[in-house]
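**Q** Input structure: model-v7.cif, which contains mmCIF, N, CA and C atoms.
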```
data_entry
loop_
_atom_site.label_atom_id
_atom_site.label_comp_id
_atom_site.auth_asym_id
_atom_site.auth_seq_id
_atom_site.Cartn_x
_atom_site.Cartn_y
_atom_site.Cartn_z
N MET W 1 -8.02 -1.14 -31.17
CA MET W 1 -7.77 -1.58 -29.80
C MET W 1 -8.79 -0.99 -28.84
N SER W 2 -9.09 0.31 -28.96
CA SER W 2 -10.03 0.93 -28.04
C SER W 2 -11.44 0.37 -28.23
N THR W 3 -11.80 -0.01 -29.46
CA THR W 3 -13.12 -0.62 -29.70
C THR W 3 -13.20 -1.99 -29.04
N THR W 4 -12.13 -2.74 -29.11
CA THR W 4 -12.10 -4.06 -28.46
C THR W 4 -12.24 -3.92 -26.95
N LEU W 5 -11.54 -2.98 -26.38
CA LEU W 5 -11.63 -2.73 -24.94
C LEU W 5 -13.05 -2.30 -24.56
N ALA W 6 -13.64 -1.42 -25.35
CA ALA W 6 -15.00 -0.96 -25.08
C ALA W 6 -15.98 -2.12 -25.17
N ASN W 7 -15.86 -2.95 -26.20
CA ASN W 7 -16.75 -4.10 -26.33
C ASN W 7 -16.59 -5.08 -25.18
N LEU W 8 -15.37 -5.28 -24.75
CA LEU W 8 -15.12 -6.15 -23.60
C LEU W 8 -15.78 -5.59 -22.34
N ALA W 9 -15.65 -4.29 -22.13
CA ALA W 9 -16.26 -3.65 -20.97
C ALA W 9 -17.78 -3.76 -21.01
N VAL W 10 -18.38 -3.53 -22.17
CA VAL W 10 -19.83 -3.66 -22.32
C VAL W 10 -20.26 -5.10 -22.05
N GLY W 11 -19.51 -6.05 -22.58
CA GLY W 11 -19.81 -7.47 -22.35
C GLY W 11 -19.74 -7.84 -20.88
N LEU W 12 -18.75 -7.30 -20.18
CA LEU W 12 -18.63 -7.59 -18.74
C LEU W 12 -19.79 -6.99 -17.95
N VAL W 13 -20.20 -5.79 -18.31
CA VAL W 13 -21.35 -5.18 -17.62
C VAL W 13 -22.61 -5.97 -17.93
N ALA W 14 -22.77 -6.43 -19.16
CA ALA W 14 -23.92 -7.27 -19.51
C ALA W 14 -23.91 -8.56 -18.68
N ALA W 15 -22.74 -9.20 -18.58
CA ALA W 15 -22.62 -10.43 -17.79
C ALA W 15 -22.93 -10.18 -16.32
N LEU W 16 -22.49 -9.04 -15.79
CA LEU W 16 -22.79 -8.68 -14.41
C LEU W 16 -24.30 -8.60 -14.21
N HIS W 17 -25.00 -8.02 -15.16
CA HIS W 17 -26.45 -7.86 -15.01
C HIS W 17 -27.19 -9.19 -15.20
N VAL W 18 -26.64 -10.10 -15.98
CA VAL W 18 -27.21 -11.46 -16.04
C VAL W 18 -27.02 -12.14 -14.68
N TYR W 19 -25.86 -11.98 -14.09
CA TYR W 19 -25.59 -12.55 -12.76
C TYR W 19 -26.55 -11.97 -11.71
N ILE W 20 -26.77 -10.67 -11.76
CA ILE W 20 -27.70 -10.04 -10.82
C ILE W 20 -29.12 -10.57 -11.06
N LEU W 21 -29.50 -10.73 -12.32
CA LEU W 21 -30.81 -11.32 -12.65
C LEU W 21 -30.95 -12.68 -11.99
N ILE W 22 -29.95 -13.52 -12.12
CA ILE W 22 -30.01 -14.87 -11.55
C ILE W 22 -30.13 -14.81 -10.03
N LEU W 23 -29.32 -13.96 -9.40
CA LEU W 23 -29.40 -13.82 -7.94
C LEU W 23 -30.77 -13.35 -7.48
N GLU W 24 -31.30 -12.35 -8.14
CA GLU W 24 -32.55 -11.74 -7.69
C GLU W 24 -33.78 -12.54 -8.08
N MET W 25 -33.75 -13.21 -9.22
CA MET W 25 -34.93 -13.93 -9.67
C MET W 25 -34.98 -15.37 -9.19
N PHE W 26 -33.82 -16.01 -9.07
CA PHE W 26 -33.82 -17.45 -8.82
C PHE W 26 -33.13 -17.87 -7.51
N LEU W 27 -32.24 -17.03 -6.99
CA LEU W 27 -31.47 -17.42 -5.81
C LEU W 27 -31.71 -16.53 -4.60
N TRP W 28 -32.72 -15.68 -4.65
CA TRP W 28 -32.96 -14.70 -3.59
C TRP W 28 -33.15 -15.35 -2.23
N GLU W 29 -33.87 -16.45 -2.20
CA GLU W 29 -34.16 -17.12 -0.93
C GLU W 29 -33.10 -18.14 -0.54
N ARG W 30 -32.14 -18.35 -1.39
CA ARG W 30 -31.04 -19.29 -1.11
C ARG W 30 -29.82 -18.52 -0.64
N ARG W 31 -28.81 -19.26 -0.30
CA ARG W 31 -27.61 -18.67 0.29
C ARG W 31 -27.02 -17.49 -0.50
N PRO W 32 -26.78 -17.64 -1.82
CA PRO W 32 -26.17 -16.51 -2.54
C PRO W 32 -27.02 -15.23 -2.50
N GLY W 33 -28.32 -15.37 -2.66
CA GLY W 33 -29.19 -14.21 -2.62
C GLY W 33 -29.29 -13.60 -1.24
N ARG W 34 -29.34 -14.46 -0.22
CA ARG W 34 -29.42 -13.96 1.15
C ARG W 34 -28.12 -13.31 1.57
N GLU W 35 -26.99 -13.79 1.08
CA GLU W 35 -25.72 -13.13 1.37
C GLU W 35 -25.65 -11.76 0.71
N LEU W 36 -26.21 -11.66 -0.49
CA LEU W 36 -26.24 -10.38 -1.19
C LEU W 36 -27.09 -9.37 -0.42
N SER W 37 -28.27 -9.80 -0.01
CA SER W 37 -29.22 -8.89 0.64
C SER W 37 -28.95 -8.72 2.12
N GLY W 38 -28.40 -9.74 2.76
CA GLY W 38 -28.23 -9.70 4.20
C GLY W 38 -29.52 -10.03 4.95
N PHE W 39 -30.54 -10.53 4.23
CA PHE W 39 -31.83 -10.82 4.82
C PHE W 39 -31.85 -12.20 5.45
N ASP W 40 -32.64 -12.34 6.52
CA ASP W 40 -32.87 -13.67 7.07
C ASP W 40 -33.86 -14.40 6.16
N ALA W 41 -34.09 -15.68 6.43
CA ALA W 41 -34.93 -16.50 5.54
C ALA W 41 -36.34 -15.93 5.41
N ASP W 42 -36.92 -15.45 6.51
CA ASP W 42 -38.29 -14.93 6.46
C ASP W 42 -38.37 -13.66 5.61
N LEU W 43 -37.46 -12.74 5.82
CA LEU W 43 -37.50 -11.50 5.05
C LEU W 43 -37.19 -11.77 3.57
N ALA W 44 -36.28 -12.70 3.31
CA ALA W 44 -35.99 -13.06 1.92
C ALA W 44 -37.23 -13.64 1.25
N ARG W 45 -37.97 -14.47 1.96
CA ARG W 45 -39.20 -15.05 1.41
C ARG W 45 -40.23 -13.97 1.12
N ARG W 46 -40.39 -13.05 2.05
CA ARG W 46 -41.39 -11.99 1.88
C ARG W 46 -41.01 -10.98 0.79
N THR W 47 -39.73 -10.79 0.55
CA THR W 47 -39.29 -9.81 -0.46
C THR W 47 -38.96 -10.44 -1.81
N ALA W 48 -39.09 -11.75 -1.92
CA ALA W 48 -38.72 -12.44 -3.17
C ALA W 48 -39.44 -11.89 -4.40
N PRO W 49 -40.75 -11.57 -4.33
CA PRO W 49 -41.38 -10.99 -5.53
C PRO W 49 -40.77 -9.64 -5.93
N LEU W 50 -40.42 -8.83 -4.96
CA LEU W 50 -39.77 -7.55 -5.28
C LEU W 50 -38.40 -7.77 -5.91
N ALA W 51 -37.65 -8.71 -5.35
CA ALA W 51 -36.32 -9.00 -5.89
C ALA W 51 -36.42 -9.55 -7.31
N ALA W 52 -37.41 -10.41 -7.55
CA ALA W 52 -37.59 -10.95 -8.90
C ALA W 52 -37.90 -9.84 -9.89
N ASN W 53 -38.68 -8.87 -9.49
CA ASN W 53 -38.99 -7.74 -10.34
C ASN W 53 -37.71 -6.96 -10.66
N GLN W 54 -36.89 -6.71 -9.66
CA GLN W 54 -35.61 -6.04 -9.88
C GLN W 54 -34.73 -6.86 -10.82
N GLY W 55 -34.74 -8.16 -10.63
CA GLY W 55 -33.94 -9.04 -11.48
C GLY W 55 -34.35 -8.95 -12.93
N LEU W 56 -35.65 -8.87 -13.16
CA LEU W 56 -36.15 -8.75 -14.52
C LEU W 56 -35.63 -7.47 -15.17
N TYR W 57 -35.65 -6.37 -14.43
CA TYR W 57 -35.12 -5.12 -14.96
C TYR W 57 -33.63 -5.24 -15.29
N ASN W 58 -32.89 -5.93 -14.44
CA ASN W 58 -31.47 -6.14 -14.73
C ASN W 58 -31.29 -6.97 -15.99
N GLY W 59 -32.21 -7.90 -16.21
CA GLY W 59 -32.16 -8.68 -17.44
C GLY W 59 -32.40 -7.82 -18.67
N PHE W 60 -33.30 -6.84 -18.56
CA PHE W 60 -33.53 -5.93 -19.68
C PHE W 60 -32.28 -5.10 -19.96
N LEU W 61 -31.58 -4.68 -18.91
CA LEU W 61 -30.33 -3.95 -19.12
C LEU W 61 -29.31 -4.82 -19.85
N ALA W 62 -29.18 -6.07 -19.41
CA ALA W 62 -28.24 -6.99 -20.06
C ALA W 62 -28.62 -7.21 -21.52
N ALA W 63 -29.91 -7.41 -21.79
CA ALA W 63 -30.36 -7.63 -23.16
C ALA W 63 -30.06 -6.41 -24.03
N GLY W 64 -30.27 -5.23 -23.51
CA GLY W 64 -29.97 -4.02 -24.26
C GLY W 64 -28.50 -3.89 -24.57
N LEU W 65 -27.65 -4.25 -23.60
CA LEU W 65 -26.21 -4.17 -23.83
C LEU W 65 -25.76 -5.18 -24.88
N VAL W 66 -26.32 -6.38 -24.84
CA VAL W 66 -25.99 -7.39 -25.86
C VAL W 66 -26.46 -6.91 -27.22
N TRP W 67 -27.65 -6.31 -27.28
CA TRP W 67 -28.14 -5.75 -28.54
C TRP W 67 -27.14 -4.72 -29.06
N GLY W 68 -26.66 -3.86 -28.17
CA GLY W 68 -25.68 -2.85 -28.57
C GLY W 68 -24.40 -3.46 -29.11
N LEU W 69 -24.03 -4.62 -28.60
CA LEU W 69 -22.81 -5.27 -29.07
C LEU W 69 -22.98 -5.91 -30.45
N ILE W 70 -24.18 -6.40 -30.73
CA ILE W 70 -24.36 -7.12 -32.00
C ILE W 70 -24.94 -6.26 -33.11
N ALA W 71 -25.53 -5.12 -32.78
CA ALA W 71 -26.10 -4.24 -33.81
C ALA W 71 -24.99 -3.49 -34.54
N ALA W 72 -25.21 -3.26 -35.81
CA ALA W 72 -24.24 -2.49 -36.59
C ALA W 72 -24.29 -1.02 -36.17
N ASP W 73 -23.16 -0.36 -36.29
CA ASP W 73 -23.11 1.08 -36.00
C ASP W 73 -23.80 1.85 -37.12
N PRO W 74 -24.41 2.95 -36.84
CA PRO W 74 -24.35 3.71 -35.60
C PRO W 74 -25.33 3.23 -34.52
N THR W 75 -26.24 2.31 -34.88
CA THR W 75 -27.24 1.86 -33.91
C THR W 75 -26.58 1.21 -32.71
N GLY W 76 -25.62 0.32 -32.93
CA GLY W 76 -24.97 -0.38 -31.83
C GLY W 76 -24.33 0.58 -30.84
N TYR W 77 -23.63 1.57 -31.36
CA TYR W 77 -22.99 2.57 -30.51
C TYR W 77 -24.03 3.32 -29.68
N ARG W 78 -25.09 3.76 -30.33
CA ARG W 78 -26.13 4.52 -29.63
C ARG W 78 -26.85 3.69 -28.58
N VAL W 79 -27.10 2.43 -28.90
CA VAL W 79 -27.76 1.54 -27.94
C VAL W 79 -26.85 1.30 -26.73
N GLN W 80 -25.56 1.11 -26.98
CA GLN W 80 -24.62 0.94 -25.87
C GLN W 80 -24.61 2.16 -24.97
N VAL W 81 -24.54 3.34 -25.56
CA VAL W 81 -24.52 4.57 -24.76
C VAL W 81 -25.81 4.69 -23.96
N PHE W 82 -26.95 4.42 -24.58
CA PHE W 82 -28.22 4.52 -23.88
C PHE W 82 -28.28 3.54 -22.70
N PHE W 83 -28.02 2.26 -22.95
CA PHE W 83 -28.17 1.27 -21.88
C PHE W 83 -27.10 1.42 -20.80
N LEU W 84 -25.89 1.80 -21.16
CA LEU W 84 -24.89 2.06 -20.13
C LEU W 84 -25.28 3.27 -19.29
N SER W 85 -25.87 4.27 -19.91
CA SER W 85 -26.37 5.42 -19.14
C SER W 85 -27.46 4.97 -18.17
N CYS W 86 -28.34 4.07 -18.62
CA CYS W 86 -29.37 3.52 -17.74
C CYS W 86 -28.74 2.76 -16.57
N VAL W 87 -27.70 1.99 -16.85
CA VAL W 87 -27.00 1.25 -15.79
C VAL W 87 -26.44 2.22 -14.76
N VAL W 88 -25.79 3.26 -15.22
CA VAL W 88 -25.19 4.24 -14.31
C VAL W 88 -26.27 4.93 -13.47
N ILE W 89 -27.33 5.36 -14.11
CA ILE W 89 -28.41 6.04 -13.38
C ILE W 89 -29.04 5.11 -12.36
N ALA W 90 -29.32 3.88 -12.77
CA ALA W 90 -29.90 2.90 -11.83
C ALA W 90 -28.94 2.62 -10.67
N GLY W 91 -27.66 2.53 -10.97
CA GLY W 91 -26.67 2.28 -9.93
C GLY W 91 -26.54 3.43 -8.95
N VAL W 92 -26.56 4.64 -9.46
CA VAL W 92 -26.49 5.82 -8.58
C VAL W 92 -27.75 5.89 -7.72
N TYR W 93 -28.90 5.70 -8.34
CA TYR W 93 -30.16 5.75 -7.58
C TYR W 93 -30.18 4.66 -6.51
N GLY W 94 -29.82 3.46 -6.88
CA GLY W 94 -29.78 2.36 -5.91
C GLY W 94 -28.78 2.61 -4.80
N GLY W 95 -27.64 3.18 -5.16
CA GLY W 95 -26.63 3.49 -4.16
C GLY W 95 -27.07 4.55 -3.18
N LEU W 96 -27.87 5.49 -3.65
CA LEU W 96 -28.34 6.57 -2.78
C LEU W 96 -29.56 6.17 -1.96
N THR W 97 -30.37 5.26 -2.48
CA THR W 97 -31.63 4.93 -1.81
C THR W 97 -31.68 3.57 -1.14
N ALA W 98 -30.85 2.63 -1.58
CA ALA W 98 -30.95 1.26 -1.06
C ALA W 98 -29.69 0.83 -0.31
N ASN W 99 -28.55 0.84 -1.01
CA ASN W 99 -27.32 0.34 -0.42
C ASN W 99 -26.13 0.97 -1.16
N ARG W 100 -25.24 1.57 -0.42
CA ARG W 100 -24.09 2.25 -1.05
C ARG W 100 -23.21 1.30 -1.87
N ARG W 101 -23.24 0.01 -1.56
CA ARG W 101 -22.44 -0.95 -2.32
C ARG W 101 -22.81 -0.94 -3.80
N ILE W 102 -24.05 -0.57 -4.10
CA ILE W 102 -24.52 -0.57 -5.49
C ILE W 102 -23.72 0.44 -6.32
N LEU W 103 -23.24 1.50 -5.68
CA LEU W 103 -22.41 2.47 -6.41
C LEU W 103 -21.17 1.80 -6.99
N LEU W 104 -20.53 0.95 -6.19
CA LEU W 104 -19.32 0.26 -6.65
C LEU W 104 -19.63 -0.94 -7.53
N ALA W 105 -20.70 -1.64 -7.20
CA ALA W 105 -21.01 -2.89 -7.91
C ALA W 105 -21.69 -2.66 -9.25
N GLN W 106 -22.44 -1.58 -9.40
CA GLN W 106 -23.19 -1.35 -10.63
C GLN W 106 -22.82 -0.04 -11.31
N ALA W 107 -22.87 1.06 -10.57
CA ALA W 107 -22.65 2.37 -11.20
C ALA W 107 -21.21 2.51 -11.72
N LEU W 108 -20.23 2.11 -10.93
CA LEU W 108 -18.84 2.26 -11.35
C LEU W 108 -18.51 1.44 -12.59
N PRO W 109 -18.83 0.13 -12.62
CA PRO W 109 -18.55 -0.61 -13.87
C PRO W 109 -19.28 -0.03 -15.07
N GLY W 110 -20.52 0.40 -14.86
CA GLY W 110 -21.27 1.01 -15.96
C GLY W 110 -20.62 2.29 -16.45
N ALA W 111 -20.15 3.11 -15.51
CA ALA W 111 -19.51 4.37 -15.88
C ALA W 111 -18.19 4.13 -16.60
N LEU W 112 -17.43 3.16 -16.15
CA LEU W 112 -16.16 2.84 -16.82
C LEU W 112 -16.40 2.32 -18.23
N ALA W 113 -17.41 1.45 -18.39
CA ALA W 113 -17.74 0.94 -19.72
C ALA W 113 -18.25 2.07 -20.61
N LEU W 114 -19.08 2.94 -20.06
CA LEU W 114 -19.58 4.09 -20.82
C LEU W 114 -18.41 4.97 -21.29
N ALA W 115 -17.47 5.23 -20.41
CA ALA W 115 -16.30 6.03 -20.78
C ALA W 115 -15.52 5.34 -21.90
N ALA W 116 -15.38 4.04 -21.81
CA ALA W 116 -14.64 3.29 -22.85
C ALA W 116 -15.36 3.37 -24.19
N VAL W 117 -16.70 3.24 -24.16
CA VAL W 117 -17.47 3.31 -25.40
C VAL W 117 -17.38 4.71 -26.01
N LEU W 118 -17.51 5.74 -25.19
CA LEU W 118 -17.42 7.11 -25.69
C LEU W 118 -16.02 7.41 -26.24
N TRP W 119 -15.01 6.90 -25.56
CA TRP W 119 -13.62 7.11 -26.01
C TRP W 119 -13.38 6.42 -27.34
N ALA W 120 -13.93 5.20 -27.49
CA ALA W 120 -13.73 4.44 -28.73
C ALA W 120 -14.58 4.98 -29.87
N GLY W 121 -15.69 5.67 -29.49
CA GLY W 121 -16.69 6.11 -30.45
C GLY W 121 -16.21 7.03 -31.48
#
```
Kindly return the structure encoded in the file as structure tokens.
**A**
Amino acid sequence: MSTTLANLAVGLVAALHVYILILEMFLWERRPGRELSGFDADLARRTAPLAANQGLYNGFLAAGLVWGLIAADPTGYRVQVFFLSCVVIAGVYGGLTANRRILLAQALPGALALAAVLWAG
């Protein structure tokens, strides 16, 4: 049961990072991306390359988490711990330097999933 819960949590964090990738890489200048950033159309246009770069990194996090889900243990477990730790660190850094909402939107789900994986481990 705890392994199923941990896998579900990892999957949800991976899905969250795919969603962030889509917002930052493809929807930054449109309504969903501008609502996320709070930027007007001009600032969204000027920052779109930076947002796309951030989106790509979020895609790498999602890919790593999916790898952790499909790889056999002990590799899968270790990959999950590594990438969830990266999610938490990125979320804390973003929350401290960019926007406090990132602590709740990224760091907290990552930390909860990491706790679930460690508990199930």
**Q** Just so the selection is clear, what residues does the PyMOL selection byres (((chain W and resi 34-41 and name CA) around 12) and name CA) cover here, as a VMD selection string?
**A** chain W and resid 19 to 20 22 to 24 26 to 33 42 to 48 51 98 to 99 101 to 102 105
**Q** Within 12 Å of Ala15 (chain W), counting only C-alpha atoms, which residues show up once you throw out same-chain ones fewer than 2 positions away? Write them as a list in words, please.
**A** Leu8, Ala9, Val10, Gly11, Leu12, Val13, His17, Val18, Tyr19, Ile20, Leu21, Ile22, Asn58, Gly59, Phe60, Leu61, Ala62, Ala63, Gly64, Leu65, Val66, Gln106, Pro109 and Gly110 of chain W
**Q** I would like the residues chosen by the PyMOL selection byres ((chain W and resi 116) around 8) on the shown file; could you give them as a ChimeraX atom specification?
**A** /W:2-3,5-7,9-10,110-115,117-121
**Q** One decimal, in Å: what's the spacing between CA of Ala71 (chain W) and CA of Val87 (chain W)?
**A**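 Separation of CA of Ala71 (chain W) and CA of Val87 (chain W): 18.9 Å.
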**Q** In chain W, what's alpha helix (DSSP H) per DSSP? Answer as JSON, numbers by chain?
**A** {"W": [2, 3, 4, 5, 6, 7, 8, 9, 10, 11, 12, 13, 14, 15, 16, 17, 18, 19, 20, 21, 22, 23, 24, 25, 26, 31, 32, 33, 34, 35, 36, 37, 41, 42, 43, 44, 45, 46, 47, 48, 49, 50, 51, 52, 53, 54, 55, 56, 57, 58, 59, 60, 61, 62, 63, 64, 65, 66, 67, 68, 69, 70, 75, 76, 77, 78, 79, 80, 81, 82, 83, 84, 85, 86, 87, 88, 89, 90, 91, 92, 93, 94, 95, 96, 97, 101, 102, 108, 109, 110, 111, 112, 113, 114, 115, 116, 117, 118, 119, 120]}
**Q** Under the rule that only C-alpha atoms are counted, which of W:Leu16, W:Val79, W:Ala107, W:Ala52 is the nearest residue to Val92 (chain W)?
**A**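 Of all the options, W:Ala107 lies closest to Val92 (chain W).
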**Q** Emit as lines of an AutoDock Vina configuration file the padded axis-aligned box for all listed atoms of region 13-19 of chain W, 3 Å per side, with centre and edge lengths in Å to one decimal.
**A**
```
center_x = -23.7
center_y = -8.9
center_z = -15.6
size_x = 13.0
size_y = 13.4
size_z = 13.8
```
**Q** May I ask which of the residues W:Leu50, W:Trp67, W:Gly55, W:Thr4 is the closest one to Phe82 (chain W), counting only C-alpha atoms?
**A**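 When distances to Phe82 (chain W) are compared using only C-alpha atoms, the smallest one comes from W:Trp67.
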**Q** If I take CA of Phe83 (chain W) and CA of Tyr57 (chain W), how far is one from the other in Å, to one decimal?
**A**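 About the pair CA of Phe83 (chain W) and CA of Tyr57 (chain W): they are 11.7 Å apart.
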**Q** In terms of the shortest atom-to-atom distance over only N, CA and C atoms, which of W:Ser85, W:Leu96, W:Ile70, W:Met25 is closest to Gln54 (chain W)?
**A** W:Met25
**Q** Rounded to one decimal in Å, what is the spacing between atom N of Ala72 (chain W) and atom C of Leu84 (chain W)?
**A**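 Going from atom N of Ala72 (chain W) over to atom C of Leu84 (chain W) covers 17.8 Å.
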**Q** Could you add the missing atoms to region 81-90 of chain W, up to all heavy atoms, and return them as a PDB file, in the coordinates of the input?
**A**
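The file below, out24.pdb, is the result:
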```
ATOM      1  N   VAL W  81     -24.540   3.340 -25.560  1.00  0.00           N
ATOM      2  CA  VAL W  81     -24.520   4.570 -24.760  1.00  0.00           C
ATOM      3  C   VAL W  81     -25.810   4.690 -23.960  1.00  0.00           C
ATOM      4  O   VAL W  81     -25.780   5.005 -22.760  1.00  0.00           O
ATOM      5  CB  VAL W  81     -24.296   5.810 -25.657  1.00  0.00           C
ATOM      6  CG1 VAL W  81     -24.532   7.102 -24.884  1.00  0.00           C
ATOM      7  CG2 VAL W  81     -22.884   5.786 -26.241  1.00  0.00           C
ATOM      8  N   PHE W  82     -26.950   4.420 -24.580  1.00  0.00           N
ATOM      9  CA  PHE W  82     -28.220   4.520 -23.880  1.00  0.00           C
ATOM     10  C   PHE W  82     -28.280   3.540 -22.700  1.00  0.00           C
ATOM     11  O   PHE W  82     -28.595   3.937 -21.568  1.00  0.00           O
ATOM     12  CB  PHE W  82     -29.397   4.263 -24.829  1.00  0.00           C
ATOM     13  CG  PHE W  82     -30.714   4.194 -24.110  1.00  0.00           C
ATOM     14  CD1 PHE W  82     -31.349   5.358 -23.690  1.00  0.00           C
ATOM     15  CD2 PHE W  82     -31.309   2.977 -23.821  1.00  0.00           C
ATOM     16  CE1 PHE W  82     -32.555   5.309 -23.000  1.00  0.00           C
ATOM     17  CE2 PHE W  82     -32.506   2.903 -23.140  1.00  0.00           C
ATOM     18  CZ  PHE W  82     -33.137   4.077 -22.726  1.00  0.00           C
ATOM     19  N   PHE W  83     -28.020   2.260 -22.950  1.00  0.00           N
ATOM     20  CA  PHE W  83     -28.170   1.270 -21.880  1.00  0.00           C
ATOM     21  C   PHE W  83     -27.100   1.420 -20.800  1.00  0.00           C
ATOM     22  O   PHE W  83     -27.385   1.188 -19.621  1.00  0.00           O
ATOM     23  CB  PHE W  83     -28.242  -0.148 -22.445  1.00  0.00           C
ATOM     24  CG  PHE W  83     -29.615  -0.481 -22.940  1.00  0.00           C
ATOM     25  CD1 PHE W  83     -29.943  -0.341 -24.270  1.00  0.00           C
ATOM     26  CD2 PHE W  83     -30.605  -0.913 -22.060  1.00  0.00           C
ATOM     27  CE1 PHE W  83     -31.220  -0.619 -24.731  1.00  0.00           C
ATOM     28  CE2 PHE W  83     -31.886  -1.188 -22.503  1.00  0.00           C
ATOM     29  CZ  PHE W  83     -32.205  -1.040 -23.838  1.00  0.00           C
ATOM     30  N   LEU W  84     -25.890   1.800 -21.160  1.00  0.00           N
ATOM     31  CA  LEU W  84     -24.890   2.060 -20.130  1.00  0.00           C
ATOM     32  C   LEU W  84     -25.280   3.270 -19.290  1.00  0.00           C
ATOM     33  O   LEU W  84     -25.050   3.286 -18.068  1.00  0.00           O
ATOM     34  CB  LEU W  84     -23.501   2.249 -20.746  1.00  0.00           C
ATOM     35  CG  LEU W  84     -22.862   0.966 -21.277  1.00  0.00           C
ATOM     36  CD1 LEU W  84     -21.629   1.302 -22.106  1.00  0.00           C
ATOM     37  CD2 LEU W  84     -22.526  -0.002 -20.145  1.00  0.00           C
ATOM     38  N   SER W  85     -25.870   4.270 -19.910  1.00  0.00           N
ATOM     39  CA  SER W  85     -26.370   5.420 -19.140  1.00  0.00           C
ATOM     40  C   SER W  85     -27.460   4.970 -18.170  1.00  0.00           C
ATOM     41  O   SER W  85     -27.496   5.415 -17.014  1.00  0.00           O
ATOM     42  CB  SER W  85     -26.915   6.498 -20.080  1.00  0.00           C
ATOM     43  OG  SER W  85     -25.875   7.004 -20.894  1.00  0.00           O
ATOM     44  N   CYS W  86     -28.340   4.070 -18.620  1.00  0.00           N
ATOM     45  CA  CYS W  86     -29.370   3.520 -17.740  1.00  0.00           C
ATOM     46  C   CYS W  86     -28.740   2.760 -16.570  1.00  0.00           C
ATOM     47  O   CYS W  86     -29.197   2.879 -15.425  1.00  0.00           O
ATOM     48  CB  CYS W  86     -30.302   2.592 -18.515  1.00  0.00           C
ATOM     49  SG  CYS W  86     -31.373   3.421 -19.703  1.00  0.00           S
ATOM     50  N   VAL W  87     -27.700   1.990 -16.850  1.00  0.00           N
ATOM     51  CA  VAL W  87     -27.000   1.250 -15.790  1.00  0.00           C
ATOM     52  C   VAL W  87     -26.440   2.220 -14.760  1.00  0.00           C
ATOM     53  O   VAL W  87     -26.588   2.012 -13.545  1.00  0.00           O
ATOM     54  CB  VAL W  87     -25.881   0.373 -16.400  1.00  0.00           C
ATOM     55  CG1 VAL W  87     -24.932  -0.136 -15.318  1.00  0.00           C
ATOM     56  CG2 VAL W  87     -26.472  -0.792 -17.177  1.00  0.00           C
ATOM     57  N   VAL W  88     -25.790   3.260 -15.220  1.00  0.00           N
ATOM     58  CA  VAL W  88     -25.190   4.240 -14.310  1.00  0.00           C
ATOM     59  C   VAL W  88     -26.270   4.930 -13.470  1.00  0.00           C
ATOM     60  O   VAL W  88     -26.140   5.046 -12.246  1.00  0.00           O
ATOM     61  CB  VAL W  88     -24.324   5.267 -15.069  1.00  0.00           C
ATOM     62  CG1 VAL W  88     -23.848   6.373 -14.146  1.00  0.00           C
ATOM     63  CG2 VAL W  88     -23.138   4.573 -15.735  1.00  0.00           C
ATOM     64  N   ILE W  89     -27.330   5.360 -14.110  1.00  0.00           N
ATOM     65  CA  ILE W  89     -28.410   6.040 -13.380  1.00  0.00           C
ATOM     66  C   ILE W  89     -29.040   5.110 -12.360  1.00  0.00           C
ATOM     67  O   ILE W  89     -29.257   5.489 -11.201  1.00  0.00           O
ATOM     68  CB  ILE W  89     -29.456   6.603 -14.371  1.00  0.00           C
ATOM     69  CG1 ILE W  89     -28.850   7.748 -15.182  1.00  0.00           C
ATOM     70  CG2 ILE W  89     -30.716   7.061 -13.632  1.00  0.00           C
ATOM     71  CD1 ILE W  89     -29.661   8.141 -16.403  1.00  0.00           C
ATOM     72  N   ALA W  90     -29.320   3.880 -12.770  1.00  0.00           N
ATOM     73  CA  ALA W  90     -29.900   2.900 -11.830  1.00  0.00           C
ATOM     74  C   ALA W  90     -28.940   2.620 -10.670  1.00  0.00           C
ATOM     75  O   ALA W  90     -29.364   2.504  -9.519  1.00  0.00           O
ATOM     76  CB  ALA W  90     -30.246   1.605 -12.560  1.00  0.00           C
TER      77      ALA W  90
END
```
